[in-house]
Amino acid sequence: MRSARTRIAPSPTGEDLHIGNAYTALINYAVARQSGGRFIVRIEDTDRTRLVEGSEQRILESLSWLGIGPDEGPETGGPFAPYRQSERLEKYRSAAGQLLDKRHAYYCFCTQQRLEEMRKNQERAHEPPMYDGLCKTIPDKEARERVKNGEKYVVRLNVPDEGSTVFRDIVRGAISFENRLIDDQVLLKSDGYPTYHLGVVVDDHLMEITHIIRGEEWISSTPKHILLYDFFGWTKPEFAHMPLLRNPDRSKLSKRRNPVWVSWYKSEGFLPEAVKNYLATLAWAHPNGKDIFTTDEMVAAFSLDRVQTTAPIFDIGKLRWMNGEYLRIRPKETVTDQIFNFFDKKYPSDMIRKVLPLVIERMKTLKEFESLAGFFFNAPDKLERQPGPTTLGKLKSALDKSDWRHDRMESSVRAVAAELKLTAKEVFMDLRIAVTGKSVGPPLLQSLELLGKEETLKRLSA
Ligand code: GLU
């Protein structure tokens, strides 16, 4: 395979990188890497009304947290800079000029009011909402005259009335659209900015993108892009539309039902390697049937033509499971460092290291270390329920006399139970609640051994 140049082209209109975009980014990254090619990020910031302050930076940060930062992009630079569309306006204007000269595009002077009326009429007649082509009939000379006189205009794509536009999608095979159903899309807006359709085609061409890999929500835009490539006389890249991720109830992945921003996964203590691994398994399976594999292994084995078209379910429960597996297969030293950094050095790492074996089996995220093991570092500020005071008093004196080894403490606790005619289970539970605040947690006596005699007795008296 020739070396691929792939890209994602996020619009900085959301809080951060959407998990669905992280998914397409990963696939683009893999396709570029496996051919020794390059992965590019281009910021599509031409919809000035929807820009969100700081969004671009957070998108780039999230990609770099995932370890799939671009080889070329707005911060990295590269041979095709600038990588921000708002800094490339001249290129779209001149491209639009080329199309106008060949009548593959035309000036449109329709007012907002006329367009709204047209839309309402179409709605009433149950017709698809499309531009009716009124301005296409204006002779070129007259149109240019009106532009020169300062009349407000947009530039529209001149879609042929007949025939159809066909392209091959690597994932889905041949896809065909009837031209009469394709809208005369606005290419250049009255503010001088291109629309997505013009910007994306011009830049994918100029940046020598070989594979357009994006979400399936862009399929209906693709025939417009194909027409543009043909009108410009440019070689077309390959297309692959990835299935959209869905919630477990099959609805479209949305922030109402699922956390969608990559930064959320980071702040919840997911590991970037696990997130990537899980994403990789969504519409593709490792040919060896493996569940757990590195990004490098994915890169080596991935192929677009083995991507399934049915919408994969993004199940956060499965991701949590996988994240837990990653925590357990990693060297304890690495996990210790990760916890240390995750909590901003709040907990001393030598203690994290000692505590880790007691909680690692139950941990699914770095963040859960705190709910499982926080009591090693701070006495609980409230108890799940109040343990019996007599039991605690007896436990205190019995444990005071015990050797501070978990196998020795056991008999002391059992002796207290016998004396009070309670079950051992009840007494252990009171002990657990008094020391940890909670009724579930890591192995109790081993935890006490680590916590130390002084601190344990202090909590029993409190
Ligand atoms: N700017 C589009 C987006 O927001 C890019 C779509 C594409 O990849 O062509 O996702």
# chains A, B, ... in the order shown; residues from 1 in each chain; ligands from 1

$ select_by_dssp --residues "range 142-253 of chain A" --states "strand (DSSP E)" --output "list in words"
Val154, Val155, Arg156, Leu157, Ser164, Thr165, Val166, Phe167, Arg168, Asp169, Gly173, Ala174, Ile175, Ser176, Phe177, Glu178, Val186, Leu187, Leu188, His211, Ile212, Ile213, Arg214, Gly215, Glu238, Phe239, Ala240, His241 and Met242 of chain A

$ closest_atom_pairs --of "chain A" --to "ligand 1" --cutoff "10 Å" --atoms "only C-alpha atoms and all ligand atoms" --output "CSV"
residue,atom,partner,partner_atom_place_in_ligand_line,distance
A:Arg7,CA,ligand 1,8 (O),7.6
A:Ile8,CA,ligand 1,8 (O),5.5
A:Ala9,CA,ligand 1,5 (C),4.5
A:Pro10,CA,ligand 1,4 (O),4.4
A:Ser11,CA,ligand 1,4 (O),4.3
A:Pro12,CA,ligand 1,4 (O),7.8
A:Thr13,CA,ligand 1,4 (O),8.1
A:Gly14,CA,ligand 1,4 (O),9.6
A:His18,CA,ligand 1,10 (O),9.8
A:Gly20,CA,ligand 1,10 (O),9.7
A:Asn21,CA,ligand 1,10 (O),7.3
A:Thr24,CA,ligand 1,8 (O),8.7
A:Ala25,CA,ligand 1,8 (O),9.7
A:Arg42,CA,ligand 1,1 (N),8.6
A:Ile43,CA,ligand 1,1 (N),7.4
A:Glu44,CA,ligand 1,1 (N),5.1
A:Asp45,CA,ligand 1,1 (N),7.8
A:Thr46,CA,ligand 1,1 (N),8.9
A:Asp47,CA,ligand 1,1 (N),9.5
A:Thr195,CA,ligand 1,1 (N),9.8
A:Tyr196,CA,ligand 1,1 (N),6.5
A:His197,CA,ligand 1,9 (O),8.2
A:Gly199,CA,ligand 1,1 (N),9.0
A:Val200,CA,ligand 1,9 (O),6.2
A:Val201,CA,ligand 1,9 (O),8.5
A:Asp204,CA,ligand 1,9 (O),8.9
A:Ile212,CA,ligand 1,8 (O),6.9
A:Ile213,CA,ligand 1,8 (O),6.8
A:Arg214,CA,ligand 1,8 (O),4.8
A:Gly215,CA,ligand 1,8 (O),7.2
A:Glu216,CA,ligand 1,8 (O),9.8
A:Glu217,CA,ligand 1,6 (C),8.8
A:Trp218,CA,ligand 1,6 (C),6.6
A:Ile219,CA,ligand 1,9 (O),9.4
A:Ser221,CA,ligand 1,9 (O),8.6
A:Thr222,CA,ligand 1,9 (O),8.6
A:His225,CA,ligand 1,9 (O),9.6
A:His241,CA,ligand 1,8 (O),9.4

$ atom_distance --atom1 "CA of Tyr326 in chain A" --atom2 "CA of Trp284 in chain A"
19.9 Å

$ closest_atom_pairs --of "range 202-278 of chain A" --to "range 186-191 of chain A" --cutoff "12 Å" --atoms "only C-alpha atoms" --output "CSV"
residue,atom,partner,partner_atom,distance
A:Val202,CA,A:Leu187,CA,11.0
A:Lys224,CA,A:Leu187,CA,10.2
A:His225,CA,A:Leu187,CA,10.8
A:Leu228,CA,A:Leu187,CA,10.1

$ residues_around --residues "Leu253 in chain A" --least-positions-apart "5" --cutoff "10 Å" --atoms "only C-alpha atoms" --output "list in words"
His18, Ile19, Gly20, Leu244, Leu245, Arg246, Asn247, Pro248, Asn258, Pro259, Val260, Ile313 and Phe314 of chain A

$ write_last_selection --atoms "N, CA and C atoms" --output "CSV table (one decimal), in the first residue's frame"
chain,number,residue,atom,x,y,z
A,18,HIS,N,-15.1,14.7,21.1
A,18,HIS,CA,-16.2,13.8,21.3
A,18,HIS,C,-15.6,12.4,21.2
A,19,ILE,N,-16.2,11.5,22.0
A,19,ILE,CA,-15.7,10.1,22.0
A,19,ILE,C,-15.8,9.4,20.6
A,20,GLY,N,-16.9,9.8,19.9
A,20,GLY,CA,-17.1,9.4,18.5
A,20,GLY,C,-16.0,9.9,17.6
A,244,LEU,N,-21.7,4.7,13.3
A,244,LEU,CA,-21.9,5.6,14.4
A,244,LEU,C,-22.0,4.8,15.7
A,245,LEU,N,-21.3,5.2,16.8
A,245,LEU,CA,-21.5,4.6,18.0
A,245,LEU,C,-22.8,4.8,18.6
A,246,ARG,N,-23.4,3.8,19.3
A,246,ARG,CA,-24.7,4.0,19.9
A,246,ARG,C,-24.7,3.7,21.4
A,247,ASN,N,-25.7,4.2,22.1
A,247,ASN,CA,-25.9,3.9,23.5
A,247,ASN,C,-26.5,2.4,23.5
A,248,PRO,N,-26.4,1.8,24.7
A,248,PRO,CA,-26.9,0.4,24.8
A,248,PRO,C,-28.4,0.3,24.3
A,258,ASN,N,-24.8,9.3,27.9
A,258,ASN,CA,-23.5,8.7,28.1
A,258,ASN,C,-22.5,9.9,28.2
A,259,PRO,N,-21.5,9.8,29.0
A,259,PRO,CA,-20.5,10.8,28.9
A,259,PRO,C,-19.8,10.8,27.6
A,260,VAL,N,-19.7,11.9,26.9
A,260,VAL,CA,-19.2,11.8,25.5
A,260,VAL,C,-17.9,12.5,25.3
A,313,ILE,N,-22.4,-0.8,19.8
A,313,ILE,CA,-22.8,-0.3,21.1
A,313,ILE,C,-21.6,0.1,22.0
A,314,PHE,N,-21.7,1.4,22.4
A,314,PHE,CA,-20.6,1.8,23.3
A,314,PHE,C,-21.1,1.6,24.7

$ closest_residue --among "A:Asp403, A:Glu162, A:Glu370, A:Glu325" --to "Leu271 in chain A" --atoms "only C-alpha atoms"
A:Glu325

$ residues_around --residues "Ile138 in chain A" --least-positions-apart "4" --cutoff "12 Å" --atoms "only C-alpha atoms" --output "PDB file with N, CA and C atoms, in the first residue's frame"
ATOM      1  N   ARG A 103     -19.056  27.717 -14.639  1.00  0.00           N
ATOM      2  CA  ARG A 103     -20.501  27.535 -14.381  1.00  0.00           C
ATOM      3  C   ARG A 103     -20.808  26.257 -13.580  1.00  0.00           C
ATOM      4  N   TYR A 106     -22.736  28.975  -9.107  1.00  0.00           N
ATOM      5  CA  TYR A 106     -23.368  30.235  -9.529  1.00  0.00           C
ATOM      6  C   TYR A 106     -23.639  31.126  -8.316  1.00  0.00           C
ATOM      7  N   TYR A 107     -23.754  32.424  -8.616  1.00  0.00           N
ATOM      8  CA  TYR A 107     -24.074  33.390  -7.565  1.00  0.00           C
ATOM      9  C   TYR A 107     -25.553  33.293  -7.232  1.00  0.00           C
ATOM     10  N   CYS A 108     -25.871  33.400  -5.977  1.00  0.00           N
ATOM     11  CA  CYS A 108     -27.279  33.386  -5.567  1.00  0.00           C
ATOM     12  C   CYS A 108     -27.524  34.610  -4.699  1.00  0.00           C
ATOM     13  N   PHE A 109     -28.582  35.348  -5.054  1.00  0.00           N
ATOM     14  CA  PHE A 109     -28.887  36.604  -4.346  1.00  0.00           C
ATOM     15  C   PHE A 109     -30.161  36.502  -3.520  1.00  0.00           C
ATOM     16  N   CYS A 110     -30.686  35.308  -3.392  1.00  0.00           N
ATOM     17  CA  CYS A 110     -31.964  35.158  -2.688  1.00  0.00           C
ATOM     18  C   CYS A 110     -31.859  35.652  -1.249  1.00  0.00           C
ATOM     19  N   GLY A 133     -33.322  26.748  -7.364  1.00  0.00           N
ATOM     20  CA  GLY A 133     -32.548  27.041  -8.571  1.00  0.00           C
ATOM     21  C   GLY A 133     -32.870  28.366  -9.233  1.00  0.00           C
ATOM     22  N   LEU A 134     -33.641  29.218  -8.559  1.00  0.00           N
ATOM     23  CA  LEU A 134     -34.020  30.489  -9.176  1.00  0.00           C
ATOM     24  C   LEU A 134     -32.815  31.264  -9.730  1.00  0.00           C
ATOM     25  N   GLU A 142     -24.888  39.374 -15.913  1.00  0.00           N
ATOM     26  CA  GLU A 142     -25.749  40.139 -15.012  1.00  0.00           C
ATOM     27  C   GLU A 142     -25.395  39.864 -13.551  1.00  0.00           C
ATOM     28  N   ALA A 143     -25.143  38.587 -13.240  1.00  0.00           N
ATOM     29  CA  ALA A 143     -24.812  38.208 -11.867  1.00  0.00           C
ATOM     30  C   ALA A 143     -23.526  38.919 -11.427  1.00  0.00           C
ATOM     31  N   ARG A 144     -22.520  38.899 -12.304  1.00  0.00           N
ATOM     32  CA  ARG A 144     -21.243  39.534 -11.942  1.00  0.00           C
ATOM     33  C   ARG A 144     -21.415  41.052 -11.755  1.00  0.00           C
ATOM     34  N   GLU A 145     -22.277  41.601 -12.540  1.00  0.00           N
ATOM     35  CA  GLU A 145     -22.592  43.026 -12.425  1.00  0.00           C
ATOM     36  C   GLU A 145     -23.165  43.325 -11.031  1.00  0.00           C
ATOM     37  N   ARG A 146     -24.118  42.486 -10.635  1.00  0.00           N
ATOM     38  CA  ARG A 146     -24.773  42.687  -9.332  1.00  0.00           C
ATOM     39  C   ARG A 146     -23.766  42.536  -8.181  1.00  0.00           C
TER      40      ARG A 146
END

$ select_by_dssp --residues "range 46-155 of chain A" --states "alpha helix (DSSP H)" --output "JSON, numbers by chain"
{"A": [55, 56, 57, 58, 59, 60, 61, 62, 63, 64, 65, 66, 89, 90, 91, 92, 93, 94, 95, 96, 97, 98, 99, 100, 101, 112, 113, 114, 115, 116, 117, 118, 119, 120, 121, 122, 123, 124, 140, 141, 142, 143, 144, 145, 146, 147, 148]}

$ residues_around --residues "Asp169 in chain A" --least-positions-apart "2" --cutoff "7 Å" --atoms "only C-alpha atoms" --output "PDB file with all heavy atoms, in the first residue's frame"
ATOM      1  N   PHE A 167     -20.133   6.703  -5.669  1.00  0.00           N
ATOM      2  CA  PHE A 167     -18.765   6.498  -5.164  1.00  0.00           C
ATOM      3  C   PHE A 167     -18.669   5.155  -4.474  1.00  0.00           C
ATOM      4  O   PHE A 167     -19.681   4.554  -4.122  1.00  0.00           O
ATOM      5  CB  PHE A 167     -18.343   7.643  -4.226  1.00  0.00           C
ATOM      6  CG  PHE A 167     -19.118   7.710  -2.925  1.00  0.00           C
ATOM      7  CD1 PHE A 167     -18.611   7.113  -1.773  1.00  0.00           C
ATOM      8  CD2 PHE A 167     -20.333   8.371  -2.851  1.00  0.00           C
ATOM      9  CE1 PHE A 167     -19.315   7.182  -0.572  1.00  0.00           C
ATOM     10  CE2 PHE A 167     -21.042   8.437  -1.660  1.00  0.00           C
ATOM     11  CZ  PHE A 167     -20.539   7.847  -0.513  1.00  0.00           C
ATOM     12  N   VAL A 171     -15.900   0.569   3.305  1.00  0.00           N
ATOM     13  CA  VAL A 171     -16.648  -0.218   4.292  1.00  0.00           C
ATOM     14  C   VAL A 171     -17.979  -0.719   3.715  1.00  0.00           C
ATOM     15  O   VAL A 171     -18.430  -1.817   4.023  1.00  0.00           O
ATOM     16  CB  VAL A 171     -16.902   0.631   5.562  1.00  0.00           C
ATOM     17  CG1 VAL A 171     -17.761  -0.117   6.563  1.00  0.00           C
ATOM     18  CG2 VAL A 171     -15.578   1.043   6.195  1.00  0.00           C
ATOM     19  N   ARG A 172     -18.611   0.084   2.869  1.00  0.00           N
ATOM     20  CA  ARG A 172     -19.980  -0.213   2.447  1.00  0.00           C
ATOM     21  C   ARG A 172     -20.170  -0.551   0.977  1.00  0.00           C
ATOM     22  O   ARG A 172     -21.288  -0.806   0.544  1.00  0.00           O
ATOM     23  CB  ARG A 172     -20.873   1.009   2.735  1.00  0.00           C
ATOM     24  CG  ARG A 172     -21.093   1.236   4.176  1.00  0.00           C
ATOM     25  CD  ARG A 172     -21.229   2.724   4.470  1.00  0.00           C
ATOM     26  NE  ARG A 172     -20.805   2.950   5.849  1.00  0.00           N
ATOM     27  CZ  ARG A 172     -21.615   2.833   6.881  1.00  0.00           C
ATOM     28  NH1 ARG A 172     -22.872   2.558   6.705  1.00  0.00           N
ATOM     29  NH2 ARG A 172     -21.148   2.996   8.094  1.00  0.00           N
ATOM     30  N   GLY A 173     -19.118  -0.483   0.179  1.00  0.00           N
ATOM     31  CA  GLY A 173     -19.292  -0.759  -1.250  1.00  0.00           C
ATOM     32  C   GLY A 173     -19.835   0.456  -1.984  1.00  0.00           C
ATOM     33  O   GLY A 173     -19.712   1.587  -1.517  1.00  0.00           O
ATOM     34  N   ALA A 174     -20.474   0.200  -3.154  1.00  0.00           N
ATOM     35  CA  ALA A 174     -20.921   1.311  -4.000  1.00  0.00           C
ATOM     36  C   ALA A 174     -22.116   2.022  -3.375  1.00  0.00           C
ATOM     37  O   ALA A 174     -23.022   1.399  -2.852  1.00  0.00           O
ATOM     38  CB  ALA A 174     -21.288   0.790  -5.379  1.00  0.00           C
ATOM     39  N   ILE A 175     -22.070   3.344  -3.420  1.00  0.00           N
ATOM     40  CA  ILE A 175     -23.179   4.154  -2.916  1.00  0.00           C
ATOM     41  C   ILE A 175     -23.532   5.141  -4.010  1.00  0.00           C
ATOM     42  O   ILE A 175     -22.657   5.768  -4.605  1.00  0.00           O
ATOM     43  CB  ILE A 175     -22.777   4.906  -1.622  1.00  0.00           C
ATOM     44  CG1 ILE A 175     -22.370   3.897  -0.544  1.00  0.00           C
ATOM     45  CG2 ILE A 175     -23.930   5.797  -1.143  1.00  0.00           C
ATOM     46  CD1 ILE A 175     -22.012   4.519   0.791  1.00  0.00           C
ATOM     47  N   PHE A 239     -12.802   6.644   0.199  1.00  0.00           N
ATOM     48  CA  PHE A 239     -13.752   7.000   1.261  1.00  0.00           C
ATOM     49  C   PHE A 239     -14.085   5.792   2.113  1.00  0.00           C
ATOM     50  O   PHE A 239     -14.238   4.684   1.592  1.00  0.00           O
ATOM     51  CB  PHE A 239     -15.052   7.544   0.650  1.00  0.00           C
ATOM     52  CG  PHE A 239     -14.892   8.907   0.033  1.00  0.00           C
ATOM     53  CD1 PHE A 239     -14.547   9.041  -1.313  1.00  0.00           C
ATOM     54  CD2 PHE A 239     -15.059  10.049   0.802  1.00  0.00           C
ATOM     55  CE1 PHE A 239     -14.377  10.299  -1.880  1.00  0.00           C
ATOM     56  CE2 PHE A 239     -14.886  11.314   0.235  1.00  0.00           C
ATOM     57  CZ  PHE A 239     -14.543  11.443  -1.109  1.00  0.00           C
ATOM     58  N   ALA A 240     -14.171   6.012   3.398  1.00  0.00           N
ATOM     59  CA  ALA A 240     -14.637   4.961   4.310  1.00  0.00           C
ATOM     60  C   ALA A 240     -15.470   5.626   5.393  1.00  0.00           C
ATOM     61  O   ALA A 240     -14.983   6.512   6.095  1.00  0.00           O
ATOM     62  CB  ALA A 240     -13.453   4.222   4.921  1.00  0.00           C
ATOM     63  N   HIS A 241     -16.722   5.235   5.483  1.00  0.00           N
ATOM     64  CA  HIS A 241     -17.599   5.817   6.511  1.00  0.00           C
ATOM     65  C   HIS A 241     -17.813   4.805   7.627  1.00  0.00           C
ATOM     66  O   HIS A 241     -18.327   3.717   7.402  1.00  0.00           O
ATOM     67  CB  HIS A 241     -18.917   6.278   5.886  1.00  0.00           C
ATOM     68  CG  HIS A 241     -18.744   7.486   5.020  1.00  0.00           C
ATOM     69  ND1 HIS A 241     -18.476   7.409   3.672  1.00  0.00           N
ATOM     70  CD2 HIS A 241     -18.731   8.811   5.333  1.00  0.00           C
ATOM     71  CE1 HIS A 241     -18.348   8.649   3.184  1.00  0.00           C
ATOM     72  NE2 HIS A 241     -18.487   9.514   4.169  1.00  0.00           N
TER      73      HIS A 241
END

$ atom_distance --atom1 "CA of Leu451 in chain A" --atom2 "CA of His406 in chain A"
11.2 Å

$ residues_around --residues "Trp404 in chain A" --least-positions-apart "6" --cutoff "10 Å" --atoms "only C-alpha atoms" --output "list in words"
Leu445, Gln446, Leu448, Glu449, Leu450, Gly452 and Lys453 of chain A

$ write_last_selection --atoms "N, CA and C atoms" --output "PDB file, in the first residue's frame"
ATOM      1  N   LEU A 445      -8.371  -7.618  58.056  1.00  0.00           N
ATOM      2  CA  LEU A 445      -7.245  -7.689  58.999  1.00  0.00           C
ATOM      3  C   LEU A 445      -5.924  -7.316  58.341  1.00  0.00           C
ATOM      4  N   GLN A 446      -5.817  -7.681  57.054  1.00  0.00           N
ATOM      5  CA  GLN A 446      -4.602  -7.258  56.331  1.00  0.00           C
ATOM      6  C   GLN A 446      -4.548  -5.732  56.225  1.00  0.00           C
ATOM      7  N   LEU A 448      -5.840  -3.679  58.460  1.00  0.00           N
ATOM      8  CA  LEU A 448      -5.473  -3.152  59.776  1.00  0.00           C
ATOM      9  C   LEU A 448      -3.964  -3.280  60.008  1.00  0.00           C
ATOM     10  N   GLU A 449      -3.424  -4.397  59.568  1.00  0.00           N
ATOM     11  CA  GLU A 449      -1.990  -4.601  59.742  1.00  0.00           C
ATOM     12  C   GLU A 449      -1.216  -3.441  59.090  1.00  0.00           C
ATOM     13  N   LEU A 450      -1.685  -3.062  57.923  1.00  0.00           N
ATOM     14  CA  LEU A 450      -1.021  -1.999  57.185  1.00  0.00           C
ATOM     15  C   LEU A 450      -1.278  -0.622  57.803  1.00  0.00           C
ATOM     16  N   GLY A 452      -1.759   0.022  60.872  1.00  0.00           N
ATOM     17  CA  GLY A 452      -0.963   0.164  62.099  1.00  0.00           C
ATOM     18  C   GLY A 452      -1.835   0.120  63.335  1.00  0.00           C
ATOM     19  N   LYS A 453      -1.215  -0.289  64.425  1.00  0.00           N
ATOM     20  CA  LYS A 453      -1.944  -0.477  65.680  1.00  0.00           C
ATOM     21  C   LYS A 453      -2.467   0.859  66.228  1.00  0.00           C
TER      22      LYS A 453
END

$ atom_distance --atom1 "CA of Asn179 in chain A" --atom2 "CA of Ala95 in chain A"
22.0 Å

$ residues_around --residues "Leu358 in chain A" --least-positions-apart "3" --cutoff "8 Å" --atoms "only C-alpha atoms" --output "list in words"
Val355, Glu361, Pro442, Pro443, Gln446 and Ser447 of chain A

$ write_last_selection --atoms "N, CA and C atoms" --output "PDB file, in the first residue's frame"
ATOM      1  N   VAL A 355      -0.624  -0.511  49.735  1.00  0.00           N
ATOM      2  CA  VAL A 355      -2.072  -0.711  49.776  1.00  0.00           C
ATOM      3  C   VAL A 355      -2.571  -1.410  48.499  1.00  0.00           C
ATOM      4  N   GLU A 361      -7.702  -5.860  42.873  1.00  0.00           N
ATOM      5  CA  GLU A 361      -8.686  -6.776  42.274  1.00  0.00           C
ATOM      6  C   GLU A 361     -10.049  -6.113  42.080  1.00  0.00           C
ATOM      7  N   PRO A 442     -11.578  -3.766  51.199  1.00  0.00           N
ATOM      8  CA  PRO A 442     -10.515  -4.763  51.051  1.00  0.00           C
ATOM      9  C   PRO A 442     -10.437  -5.700  52.268  1.00  0.00           C
ATOM     10  N   PRO A 443      -9.687  -6.807  52.172  1.00  0.00           N
ATOM     11  CA  PRO A 443      -9.543  -7.749  53.286  1.00  0.00           C
ATOM     12  C   PRO A 443      -9.221  -6.994  54.575  1.00  0.00           C
ATOM     13  N   GLN A 446      -5.817  -7.681  57.054  1.00  0.00           N
ATOM     14  CA  GLN A 446      -4.602  -7.258  56.331  1.00  0.00           C
ATOM     15  C   GLN A 446      -4.548  -5.732  56.225  1.00  0.00           C
ATOM     16  N   SER A 447      -5.729  -5.144  56.081  1.00  0.00           N
ATOM     17  CA  SER A 447      -5.772  -3.682  56.013  1.00  0.00           C
ATOM     18  C   SER A 447      -5.351  -3.075  57.347  1.00  0.00           C
TER      19      SER A 447
END

$ closest_residue --among "A:Leu198, A:Leu206, A:Leu60, A:Val159" --to "Asp184 in chain A" --atoms "only C-alpha atoms"
A:Val159

$ closest_residue --among "A:Ala418, A:Arg84, A:Ile170, A:Leu460" --to "Ser303 in chain A" --atoms "only C-alpha atoms"
A:Ile170

$ closest_residue --among "A:Arg124, A:Lys458, A:Arg5, A:Arg93" --to "Tyr29 in chain A" --atoms "only C-alpha atoms"
A:Arg5

$ closest_residue --among "A:Ser3, A:Thr456, A:Ser55, A:Ser64" --to "Gly37 in chain A" --atoms "only C-alpha atoms"
A:Ser3
